[in-house]
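Asker: Input entry24.csv, format and content: CSV, C-alpha atoms and all ligand atoms.
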```
chain,number,residue,atom,x,y,z
S,1,MET,CA,15.1,15.3,25.3
S,2,THR,CA,17.9,12.8,25.7
S,3,LYS,CA,16.7,9.2,25.5
S,4,ILE,CA,17.3,7.2,28.7
S,5,PHE,CA,17.4,3.5,28.0
S,6,ILE,CA,15.7,0.9,30.3
S,7,ALA,CA,18.9,-1.2,30.6
S,8,ASP,CA,20.7,1.9,32.1
S,9,LEU,CA,18.1,2.7,34.7
S,10,GLN,CA,19.4,2.6,38.3
S,11,GLY,CA,17.3,2.6,41.4
S,12,LYS,CA,15.7,5.6,43.1
S,13,GLU,CA,16.6,8.2,40.5
S,14,GLU,CA,13.9,10.5,39.1
S,15,ILE,CA,14.0,10.4,35.3
S,16,GLU,CA,12.0,11.6,32.3
S,17,SER,CA,12.1,9.8,28.9
S,18,VAL,CA,10.1,8.4,26.1
S,19,PHE,CA,9.1,4.8,26.0
S,20,LEU,CA,6.8,2.5,24.0
S,21,VAL,CA,3.7,1.1,25.7
S,22,LYS,CA,3.9,-2.7,25.1
S,23,ILE,CA,1.0,-3.7,27.4
S,24,MET,CA,-1.4,-1.5,29.3
S,25,ASN,CA,-4.0,-2.9,31.8
S,26,THR,CA,-6.4,-1.2,34.2
S,27,MET,CA,-6.2,-3.0,37.5
S,28,GLU,CA,-8.1,-2.8,40.8
S,29,GLY,CA,-6.4,-2.8,44.2
S,30,LYS,CA,-7.6,-4.5,47.3
S,31,ASP,CA,-9.3,-1.3,48.4
S,32,GLY,CA,-11.2,-1.1,45.1
S,33,ARG,CA,-9.1,1.8,43.7
S,34,LYS,CA,-8.2,1.5,40.0
S,35,TYR,CA,-4.6,1.9,38.8
S,36,PHE,CA,-2.6,1.2,35.6
S,37,ASN,CA,-0.2,-1.7,35.1
S,38,ILE,CA,2.0,-0.7,32.1
S,39,ILE,CA,4.9,-2.5,30.4
S,40,LEU,CA,7.1,0.1,29.0
S,41,SER,CA,9.8,-0.9,26.4
S,42,ASP,CA,12.6,0.3,24.3
S,43,SER,CA,15.4,-1.3,22.3
S,44,SER,CA,17.2,-2.3,25.5
S,45,GLY,CA,14.3,-4.2,27.2
S,46,ASP,CA,11.0,-4.0,29.1
S,47,LEU,CA,10.1,-2.3,32.3
S,48,GLU,CA,7.1,-3.1,34.5
S,49,SER,CA,5.5,0.1,35.6
S,50,ARG,CA,2.6,1.4,37.8
S,51,LEU,CA,0.6,4.5,37.5
S,52,TRP,CA,-1.3,4.7,40.8
S,53,ASN,CA,-3.5,7.7,39.8
S,54,TYR,CA,-6.2,6.3,37.6
S,55,SER,CA,-7.7,8.8,35.1
S,56,GLU,CA,-10.3,8.1,32.4
S,57,GLU,CA,-8.4,10.5,30.1
S,58,VAL,CA,-5.2,8.5,30.3
S,59,GLU,CA,-7.2,5.3,29.7
S,60,LYS,CA,-8.8,6.8,26.5
S,61,GLN,CA,-5.6,8.4,25.2
S,62,ILE,CA,-2.9,5.9,25.8
S,63,THR,CA,-3.1,2.4,24.5
S,64,LYS,CA,-0.8,-0.5,23.6
S,65,ASN,CA,1.7,0.8,21.0
S,66,SER,CA,1.5,4.4,22.1
S,67,PHE,CA,4.7,6.3,22.6
S,68,VAL,CA,4.7,8.1,25.9
S,69,LYS,CA,6.8,10.6,27.7
S,70,VAL,CA,6.9,9.5,31.4
S,71,ARG,CA,8.3,11.0,34.5
S,72,GLY,CA,9.0,8.8,37.5
S,73,LYS,CA,11.4,6.7,39.4
S,74,VAL,CA,12.6,3.1,39.7
S,75,ASN,CA,11.7,1.2,42.8
S,76,PHE,CA,12.5,-2.4,43.7
S,77,PHE,CA,9.7,-4.8,44.4
S,78,GLN,CA,10.5,-8.4,45.3
S,79,GLY,CA,13.9,-8.0,43.8
S,80,ARG,CA,12.6,-6.7,40.5
S,81,LYS,CA,12.8,-3.2,39.0
S,82,GLN,CA,9.4,-1.5,38.9
S,83,PHE,CA,8.9,2.0,37.6
S,84,ILE,CA,6.5,4.2,39.5
S,85,ILE,CA,5.1,6.8,37.0
S,86,SER,CA,4.2,10.2,38.4
S,87,SER,CA,3.2,11.7,35.0
S,88,ILE,CA,2.5,10.3,31.6
S,89,GLN,CA,1.8,12.0,28.3
S,90,LYS,CA,1.3,10.7,24.8
S,91,VAL,CA,3.9,11.5,22.2
S,92,ASP,CA,3.4,11.6,18.4
S,93,ALA,CA,5.1,8.7,16.7
S,94,ALA,CA,6.5,11.1,14.1
S,95,GLN,CA,8.7,12.7,16.8
S,96,VAL,CA,10.5,9.5,17.8
S,97,ASN,CA,13.4,7.5,16.3
S,98,GLU,CA,11.8,4.0,15.9
S,99,ASP,CA,15.3,2.4,16.2
S,100,ASP,CA,15.4,3.4,19.8
S,101,PHE,CA,12.4,1.3,20.5
S,102,MET,CA,13.1,-1.8,18.5
S,103,MET,CA,15.4,-4.6,19.7
S,104,LYS,CA,17.5,-6.0,16.9
S,105,ALA,CA,20.0,-8.8,16.2
S,106,ALA,CA,23.6,-8.1,17.2
S,107,LYS,CA,24.9,-8.8,13.6
S,108,ASN,CA,24.1,-6.8,10.5
S,109,PRO,CA,21.3,-8.5,8.5
S,110,GLU,CA,23.1,-8.0,5.1
S,111,ALA,CA,26.2,-9.8,6.5
S,112,MET,CA,24.1,-12.6,7.9
S,113,TYR,CA,22.3,-13.0,4.6
S,114,LYS,CA,25.6,-13.3,2.8
S,115,ASP,CA,26.8,-15.9,5.2
S,116,LEU,CA,23.7,-17.9,4.6
S,117,LEU,CA,24.1,-17.8,0.9
S,118,ALA,CA,27.7,-19.0,1.3
S,119,ILE,CA,26.5,-22.1,3.3
S,120,VAL,CA,23.9,-22.9,0.5
S,121,ASP,CA,26.6,-22.5,-2.2
S,122,LYS,CA,28.8,-25.1,-0.6
S,123,LEU,CA,26.1,-27.8,-0.6
S,124,SER,CA,26.9,-30.8,-2.7
S,125,ASP,CA,23.4,-31.7,-3.8
S,126,VAL,CA,22.5,-29.8,-7.0
S,127,TYR,CA,18.7,-29.9,-6.5
S,128,ILE,CA,18.7,-28.8,-2.9
S,129,ARG,CA,21.2,-26.1,-3.6
S,130,ASP,CA,19.1,-24.8,-6.5
S,131,LEU,CA,15.9,-25.0,-4.5
S,132,LEU,CA,17.4,-23.1,-1.5
S,133,ARG,CA,19.0,-20.5,-3.7
S,134,SER,CA,15.8,-19.8,-5.6
S,135,ILE,CA,13.8,-19.4,-2.4
S,136,ILE,CA,16.1,-17.2,-0.4
S,137,THR,CA,17.0,-15.0,-3.4
S,138,ASP,CA,13.4,-14.3,-4.2
S,139,GLY,CA,13.1,-10.5,-3.8
S,140,GLU,CA,10.2,-10.4,-1.4
S,141,ILE,CA,11.3,-13.4,0.6
S,142,ALA,CA,14.9,-11.9,1.0
S,143,ARG,CA,13.5,-8.6,2.1
S,144,ARG,CA,11.3,-10.1,4.8
S,145,LEU,CA,14.0,-12.6,5.9
S,146,LYS,CA,16.4,-9.8,6.6
S,147,THR,CA,14.0,-7.9,8.9
S,148,TRP,CA,11.4,-10.3,10.5
S,149,GLN,CA,11.6,-11.7,14.0
S,150,ALA,CA,11.5,-15.4,14.7
S,151,GLY,CA,8.6,-15.2,17.3
S,152,LYS,CA,6.1,-12.9,18.7
S,153,SER,CA,7.6,-12.9,22.2
S,154,ILE,CA,9.6,-16.0,23.0
S,155,HIS,CA,12.9,-16.7,21.2
S,156,HIS,CA,14.8,-14.4,18.7
S,157,ALA,CA,11.8,-12.0,19.2
S,158,TYR,CA,13.6,-8.9,17.8
S,159,LYS,CA,14.3,-7.3,14.4
S,160,SER,CA,16.2,-9.7,12.1
S,161,GLY,CA,15.9,-12.4,14.8
S,162,LEU,CA,14.5,-14.9,12.3
S,163,LEU,CA,17.6,-14.6,10.0
S,164,GLU,CA,19.8,-14.9,13.1
S,165,HIS,CA,18.0,-18.1,14.2
S,166,ILE,CA,18.1,-19.6,10.7
S,167,LEU,CA,21.8,-18.8,10.3
S,168,SER,CA,22.7,-20.1,13.7
S,169,CYS,CA,20.8,-23.3,13.0
S,170,SER,CA,22.5,-23.7,9.6
S,171,TYR,CA,26.0,-23.4,11.2
S,172,LEU,CA,25.0,-26.2,13.6
S,173,ALA,CA,23.6,-28.2,10.7
S,174,VAL,CA,26.9,-28.1,8.9
S,175,ASN,CA,28.9,-29.1,12.0
S,176,LEU,CA,26.5,-31.7,13.4
S,177,SER,CA,25.7,-33.4,10.1
S,178,HIS,CA,29.4,-34.2,9.7
S,179,HIS,CA,29.6,-35.3,13.4
S,180,TYR,CA,26.7,-37.7,13.0
S,181,LYS,CA,27.4,-38.6,9.4
S,182,VAL,CA,23.9,-37.7,8.1
S,183,ASN,CA,23.1,-36.0,4.9
S,184,GLU,CA,24.1,-32.3,5.3
S,185,ASN,CA,22.0,-31.1,2.4
S,186,TYR,CA,18.7,-32.1,4.0
S,187,VAL,CA,19.8,-30.8,7.5
S,188,VAL,CA,20.8,-27.4,6.1
S,189,ALA,CA,17.6,-27.2,4.0
S,190,GLY,CA,15.5,-28.1,7.1
S,191,CYS,CA,17.3,-25.4,9.1
S,192,ILE,CA,16.8,-22.8,6.5
S,193,LEU,CA,13.2,-23.7,5.6
S,194,HIS,CA,11.7,-24.8,8.9
S,195,ASP,CA,10.7,-21.4,10.2
S,196,LEU,CA,11.1,-19.4,7.0
S,197,CYS,CA,7.3,-19.0,6.6
S,198,LYS,CA,7.2,-17.0,9.8
S,199,ILE,CA,7.6,-14.2,7.3
S,200,TYR,CA,3.9,-14.9,6.4
S,201,GLU,CA,2.8,-16.0,9.9
S,202,LEU,CA,3.8,-12.8,11.7
S,203,THR,CA,3.6,-9.1,11.0
S,204,ASP,CA,6.7,-6.9,11.2
S,205,GLY,CA,7.2,-3.6,12.9
S,206,LEU,CA,7.2,-2.6,16.5
S,207,ASN,CA,4.4,-4.7,17.8
S,208,VAL,CA,4.4,-8.1,16.1
S,209,GLU,CA,1.1,-10.0,15.8
S,210,TYR,CA,0.0,-13.2,14.1
S,211,THR,CA,-1.4,-12.6,10.6
S,212,GLU,CA,-4.7,-14.3,9.5
S,213,GLU,CA,-2.6,-16.7,7.4
S,214,GLY,CA,-0.5,-17.4,10.5
S,215,LYS,CA,-3.6,-18.2,12.6
S,216,LEU,CA,-5.4,-20.2,9.9
S,217,VAL,CA,-2.5,-22.0,8.1
S,218,GLY,CA,0.7,-21.6,10.1
S,219,HIS,CA,4.4,-21.7,9.2
S,220,LEU,CA,4.7,-25.6,9.0
S,221,VAL,CA,2.0,-26.0,6.3
S,222,LYS,CA,3.0,-22.8,4.5
S,223,GLY,CA,6.5,-24.2,4.4
S,224,LEU,CA,5.3,-27.1,2.3
S,225,GLU,CA,3.6,-24.7,-0.1
S,226,ILE,CA,6.9,-22.9,-0.6
S,227,VAL,CA,8.7,-26.2,-1.2
S,228,ASP,CA,6.1,-27.2,-3.8
S,229,ARG,CA,6.0,-23.8,-5.5
S,230,TYR,CA,9.8,-23.5,-6.0
S,231,SER,CA,10.7,-27.2,-6.5
S,232,TYR,CA,8.2,-27.6,-9.4
S,233,LYS,CA,10.0,-24.8,-11.2
S,234,ILE,CA,13.2,-26.8,-11.2
S,235,LYS,CA,13.3,-29.3,-14.1
S,236,GLY,CA,13.4,-32.9,-12.9
S,237,PHE,CA,13.3,-32.2,-9.2
S,238,PRO,CA,13.1,-35.7,-7.6
S,239,HIS,CA,9.8,-36.5,-6.0
S,240,HIS,CA,11.4,-38.5,-3.2
S,241,MET,CA,13.6,-35.6,-2.3
S,242,ARG,CA,10.6,-33.2,-2.1
S,243,MET,CA,8.8,-35.7,0.2
S,244,HIS,CA,11.8,-35.9,2.6
S,245,LEU,CA,12.1,-32.2,2.7
S,246,LYS,CA,8.4,-31.9,3.5
S,247,HIS,CA,8.7,-34.5,6.3
S,248,ILE,CA,11.5,-32.4,7.9
S,249,LEU,CA,9.3,-29.3,7.9
S,250,LEU,CA,6.3,-31.1,9.2
S,251,ALA,CA,8.3,-32.8,12.0
S,252,HIS,CA,10.4,-29.9,13.2
S,253,HIS,CA,8.4,-29.2,16.3
S,254,GLY,CA,9.2,-32.7,17.4
S,255,GLU,CA,6.0,-33.8,19.1
S,256,TYR,CA,2.3,-33.9,18.2
S,257,GLU,CA,1.5,-31.8,21.3
S,258,TYR,CA,3.8,-29.0,20.0
S,259,GLY,CA,2.0,-28.7,16.7
S,260,SER,CA,3.9,-31.2,14.6
S,261,PRO,CA,1.6,-33.3,12.5
S,262,LYS,CA,4.4,-35.8,12.1
S,263,ILE,CA,7.2,-36.7,14.5
S,264,PRO,CA,10.7,-36.9,13.1
S,265,GLN,CA,11.3,-40.3,11.5
S,266,THR,CA,14.6,-39.8,9.6
S,267,SER,CA,17.9,-38.9,11.2
S,268,GLU,CA,18.0,-35.7,9.2
S,269,ALA,CA,14.5,-34.7,10.5
S,270,PHE,CA,15.4,-35.6,14.0
S,271,LEU,CA,18.6,-33.5,13.9
S,272,VAL,CA,16.8,-30.5,12.5
S,273,HIS,CA,14.3,-30.7,15.4
S,274,LEU,CA,17.1,-31.0,18.0
S,275,ILE,CA,19.1,-28.1,16.4
S,276,ASP,CA,15.9,-25.9,16.3
S,277,MET,CA,15.2,-26.7,20.0
S,278,MET,CA,18.8,-26.1,21.0
S,279,ASP,CA,19.0,-22.8,19.3
S,280,SER,CA,15.6,-21.5,20.5
S,281,LYS,CA,16.3,-22.4,24.1
S,282,MET,CA,19.9,-21.0,24.0
S,283,GLY,CA,18.5,-17.8,22.3
S,284,THR,CA,16.0,-17.5,25.2
S,285,MET,CA,18.7,-18.0,27.8
S,286,GLU,CA,20.9,-15.2,26.3
S,287,MET,CA,17.9,-12.9,26.0
S,288,ILE,CA,16.9,-13.4,29.6
S,289,LYS,CA,20.5,-12.7,30.7
S,290,LYS,CA,20.4,-9.4,28.8
S,291,THR,CA,16.9,-8.1,29.5
S,292,ASP,CA,15.5,-9.7,32.7
S,293,ASN,CA,15.0,-6.8,35.2
S,294,ALA,CA,15.3,-8.7,38.4
S,295,THR,CA,18.2,-7.5,40.5
S,296,GLY,CA,21.0,-9.8,41.5
S,297,HIS,CA,22.2,-13.0,39.8
S,298,TRP,CA,18.8,-14.7,39.3
S,299,SER,CA,16.1,-14.0,36.8
S,300,GLY,CA,12.4,-14.1,37.6
S,301,TYR,CA,10.5,-17.2,36.6
S,302,VAL,CA,10.8,-17.8,32.8
S,303,LYS,CA,7.7,-19.6,31.5
S,304,HIS,CA,9.2,-20.7,28.2
S,305,LEU,CA,12.1,-22.4,30.0
S,306,ASP,CA,10.1,-23.4,33.1
S,307,ARG,CA,12.8,-22.3,35.4
S,308,ILE,CA,14.6,-19.3,36.9
S,309,VAL,CA,18.0,-18.5,35.2
S,310,TYR,CA,21.4,-17.7,36.7
S,311,LYS,CA,22.4,-14.6,34.9
S,312,ALA,CA,26.0,-13.9,36.0
S,313,GLU,CA,29.2,-15.2,34.3
S,314,LEU,CA,30.4,-18.5,35.8
S,315,PRO,CA,33.6,-18.5,37.8
S,316,PHE,CA,36.7,-18.6,35.7
S,317,TYR,CA,40.3,-19.0,36.9
S,318,PRO,CA,43.2,-18.6,34.4
S,319,GLU,CA,45.5,-18.7,37.5
S,320,TYR,CA,45.4,-20.4,40.9
S,321,VAL,CA,44.0,-18.3,43.8
S,322,SER,CA,44.5,-18.6,47.6
S,323,GLU,CA,41.8,-20.5,49.5
S,324,ASP,CA,41.2,-17.5,51.9
S,325,ILE,CA,40.0,-15.3,49.0
S,326,GLU,CA,37.6,-18.0,47.8
S,327,GLU,CA,36.0,-18.4,51.3
S,328,GLU,CA,35.4,-14.6,51.5
S,329,LYS,CA,33.7,-14.6,48.1
S,330,HIS,CA,31.2,-17.3,49.2
S,331,GLU,CA,29.9,-15.2,52.0
S,332,HIS,CA,28.3,-12.8,49.5
S,333,ARG,CA,26.1,-15.4,47.8
S,334,GLU,CA,22.7,-14.2,46.6
S,335,LYS,CA,19.4,-15.9,47.2
S,336,PRO,CA,17.4,-16.9,44.1
S,337,VAL,CA,14.2,-14.8,43.4
S,338,ALA,CA,11.1,-16.9,43.7
S,339,PRO,CA,8.6,-17.1,40.9
S,340,PRO,CA,5.4,-15.0,41.1
S,341,ALA,CA,2.7,-16.1,43.5
S,342,LYS,CA,0.5,-18.7,42.0
S,343,SER,CA,-3.0,-17.6,41.1
S,344,LYS,CA,-6.1,-19.8,41.6
S,345,ASN,CA,-6.4,-20.4,37.9
S,346,ALA,CA,-2.7,-21.1,37.2
S,347,PRO,CA,-2.1,-24.5,35.6
S,348,GLU,CA,-0.3,-27.2,37.7
S,349,PRO,CA,3.4,-27.2,37.0
S,350,LYS,CA,4.4,-30.1,34.8
S,351,THR,CA,8.0,-30.7,35.7
S,352,SER,CA,9.7,-31.5,38.9
S,353,MET,CA,11.7,-28.2,38.5
S,354,ALA,CA,8.4,-26.3,38.3
S,355,LYS,CA,7.0,-28.1,41.3
S,356,MET,CA,10.1,-27.3,43.3
S,357,LEU,CA,9.9,-23.6,42.3
S,358,SER,CA,6.2,-23.3,43.1
S,359,GLY,CA,7.1,-24.2,46.7
S,360,LEU,CA,9.7,-21.4,47.1
S,361,LYS,CA,8.8,-18.5,49.3
S,362,VAL,CA,9.6,-14.9,48.6
S,363,GLU,CA,12.2,-13.5,50.8
S,364,ASP,CA,13.4,-9.9,50.8
S,401,FE,FE,8.7,-23.7,13.9
S,402,FE,FE,13.0,-22.5,14.7
```
Could you quickly redo this structure as structure tokens?
Ligand SMILES: [Fe+2]
Ligand SMILES: [Fe+2]

Answerer:
Amino acid sequence: MTKIFIADLQGKEEIESVFLVKIMNTMEGKDGRKYFNIILSDSSGDLESRLWNYSEEVEKQITKNSFVKVRGKVNFFQGRKQFIISSIQKVDAAQVNEDDFMMKAAKNPEAMYKDLLAIVDKLSDVYIRDLLRSIITDGEIARRLKTWQAGKSIHHAYKSGLLEHILSCSYLAVNLSHHYKVNENYVVAGCILHDLCKIYELTDGLNVEYTEEGKLVGHLVKGLEIVDRYSYKIKGFPHHMRMHLKHILLAHHGEYEYGSPKIPQTSEAFLVHLIDMMDSKMGTMEMIKKTDNATGHWSGYVKHLDRIVYKAELPFYPEYVSEDIEEEKHEHREKPVAPPAKSKNAPEPKTSMAKMLSGLKVED
């Protein structure tokens, strides 16, 4: 059977294809009838789905992480794609090509790894250069770095996403350290090491979870362990340098409320925090633009960014156009899609943007 990808699904057509079950919940309608709310996924994105015919057999057989062959068609509900499943059947994992179901970084991990080593090799501080080299060329660390994702679900949450995030931050580190005249060696080290220990915090594979070490220790503290382990192998590694590197790692989440036991107190630590925040938020913006399944220019409400996102390209004019054409275009403006209705238990929105959004009404 030819694989049909979620990103290619158009409205109203009846299709049959294999997807991965990312989330599966049994729900109850207003009339007391049970149904299934299923998030199907593949390498092109996620798709919210409904199976209105509840069956105990389906509930027993199909769980999160099952591969399923489904038949059904796309509907539009409040401006979002929703797949209505008419039949569902479990498929043996051995019969599918895992790559079809795993999102991955746009660039080849081997090429990204080489680019990262090239940045390290250009550093001027001999101790930091040796430390970074010894860490990222460690066989097991290198293997994990090339495949792990940066988060369970928020930013760079796809295969090799961690390396993509680390490399992107390192490019920013080189450029911005020169711009602000701060020590590039520490900023690059911070960008490489700050999230590296996600390789111990998260599992890999199709459905990423927190490991026990991730839950109990976490990537900030684990990062310090790595700095200690590798720096003590380097003869004469300066104590003060080790202390400043540790400060950068401990402070990279920026605020106590975001899990940083220290807030950034050096220019280098502050810059690493800002670069990390910039790259994670921009990564999320790009991801939403690619995978959000609301129709039109606007995404649904994005919790991580606390806003809805304008998904289309911005207007661009390499040449002057006549005013009449411009007027015409403006008549086809789209209305933004409102965030989902607030449940009784939903927390109060913190920002003025969230407050404004919570007041929006759904229009069809
Ligand atoms: Fe982090
Ligand atoms: Fe990060």

Asker: Can you pull out the residues contacting range 21-29 of chain S? Cut-off 8 Å, using only C-alpha atoms, and skip same-chain residues under 4 positions away; I want them as a list of chain:residue names.

Answerer: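 The filter keeps S:Arg33, S:Lys34, S:Tyr35, S:Phe36, S:Asn37, S:Ile38, S:Ile39, S:Leu40, S:Ser41, S:Glu59, S:Thr63, S:Lys64, S:Asn65, S:Ser66, S:Phe67, S:Val68, S:Asn207.
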
Asker: Residues contacting ligand FE 401 (chain S) - anything with an atom at most 12 Å away, using all atoms listed in the file - can you give me those as a ChimeraX atom specification?

Answerer: /S:150-151,154-155,162,165-166,190-199,201,214,218-223,248-255,258-260,272-277,279-280

Asker: What is the distance, in Å and to one decimal place, between CA of Thr2 in chain S and CA of Glu14 in chain S?

Answerer: 14.2 Å

Asker: Have a look at CA of Glu268 in chain S and CA of Val187 in chain S and let me know their distance in Å, one decimal.

Answerer: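 About the pair CA of Glu268 in chain S and CA of Val187 in chain S: they are 5.5 Å apart.
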
Asker: Mind pulling up the distance from CA of Thr211 in chain S to CA of Lys233 in chain S?

Answerer: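 Straight-line distance from CA of Lys233 in chain S to CA of Thr211 in chain S works out to 27.5 Å.
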
Asker: Which residues are close to Ala111 in chain S, i.e. within 12 Å by all atoms listed in the file, leaving aside same-chain residues fewer than 5 positions away? Reply as a PyMOL selection string.

Answerer: chain S and resi 105-106+116-118+146+160+163-164+167

Asker: Rebuild range 125-145 of chain S so that it carries N, CA and C atoms, then output the result as a short mmCIF file (atom, residue, chain, number, x, y, z; two decimals), in the coordinates of the input.

Answerer:
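Saved result, rebuild23.cif, follows:
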```cif
data_model
loop_
_atom_site.label_atom_id
_atom_site.label_comp_id
_atom_site.auth_asym_id
_atom_site.auth_seq_id
_atom_site.Cartn_x
_atom_site.Cartn_y
_atom_site.Cartn_z
N ASP S 125 24.49 -31.26 -3.02
CA ASP S 125 23.40 -31.70 -3.80
C ASP S 125 22.83 -30.59 -4.71
N VAL S 126 22.86 -30.85 -6.01
CA VAL S 126 22.50 -29.80 -7.00
C VAL S 126 21.06 -29.32 -6.84
N TYR S 127 20.13 -30.30 -6.60
CA TYR S 127 18.70 -29.90 -6.50
C TYR S 127 18.41 -29.11 -5.28
N ILE S 128 18.94 -29.57 -4.14
CA ILE S 128 18.70 -28.80 -2.90
C ILE S 128 19.32 -27.46 -2.96
N ARG S 129 20.53 -27.42 -3.51
CA ARG S 129 21.20 -26.10 -3.60
C ARG S 129 20.40 -25.15 -4.49
N ASP S 130 19.92 -25.64 -5.63
CA ASP S 130 19.10 -24.80 -6.50
C ASP S 130 17.81 -24.34 -5.85
N LEU S 131 17.19 -25.28 -5.15
CA LEU S 131 15.90 -25.00 -4.50
C LEU S 131 16.12 -23.87 -3.44
N LEU S 132 17.12 -24.06 -2.57
CA LEU S 132 17.40 -23.10 -1.50
C LEU S 132 17.72 -21.71 -2.07
N ARG S 133 18.57 -21.72 -3.08
CA ARG S 133 19.00 -20.50 -3.70
C ARG S 133 17.76 -19.73 -4.27
N SER S 134 16.93 -20.49 -5.01
CA SER S 134 15.80 -19.80 -5.60
C SER S 134 14.82 -19.27 -4.61
N ILE S 135 14.70 -19.94 -3.46
CA ILE S 135 13.80 -19.40 -2.40
C ILE S 135 14.36 -18.20 -1.76
N ILE S 136 15.60 -18.32 -1.27
CA ILE S 136 16.10 -17.20 -0.40
C ILE S 136 16.55 -15.98 -1.26
N THR S 137 16.68 -16.15 -2.58
CA THR S 137 17.00 -15.00 -3.40
C THR S 137 15.78 -14.33 -4.03
N ASP S 138 14.61 -14.91 -3.79
CA ASP S 138 13.40 -14.30 -4.20
C ASP S 138 13.29 -12.91 -3.54
N GLY S 139 13.05 -11.86 -4.33
CA GLY S 139 13.10 -10.50 -3.80
C GLY S 139 12.32 -10.25 -2.52
N GLU S 140 11.05 -10.64 -2.52
CA GLU S 140 10.20 -10.40 -1.40
C GLU S 140 10.58 -11.24 -0.16
N ILE S 141 10.93 -12.50 -0.45
CA ILE S 141 11.30 -13.40 0.60
C ILE S 141 12.63 -12.86 1.28
N ALA S 142 13.58 -12.44 0.43
CA ALA S 142 14.90 -11.90 1.00
C ALA S 142 14.64 -10.68 1.81
N ARG S 143 13.76 -9.79 1.34
CA ARG S 143 13.50 -8.60 2.10
C ARG S 143 12.93 -8.87 3.47
N ARG S 144 11.95 -9.77 3.49
CA ARG S 144 11.30 -10.10 4.80
C ARG S 144 12.28 -10.86 5.67
N LEU S 145 13.03 -11.79 5.07
CA LEU S 145 14.00 -12.60 5.90
C LEU S 145 14.98 -11.73 6.62
#
```
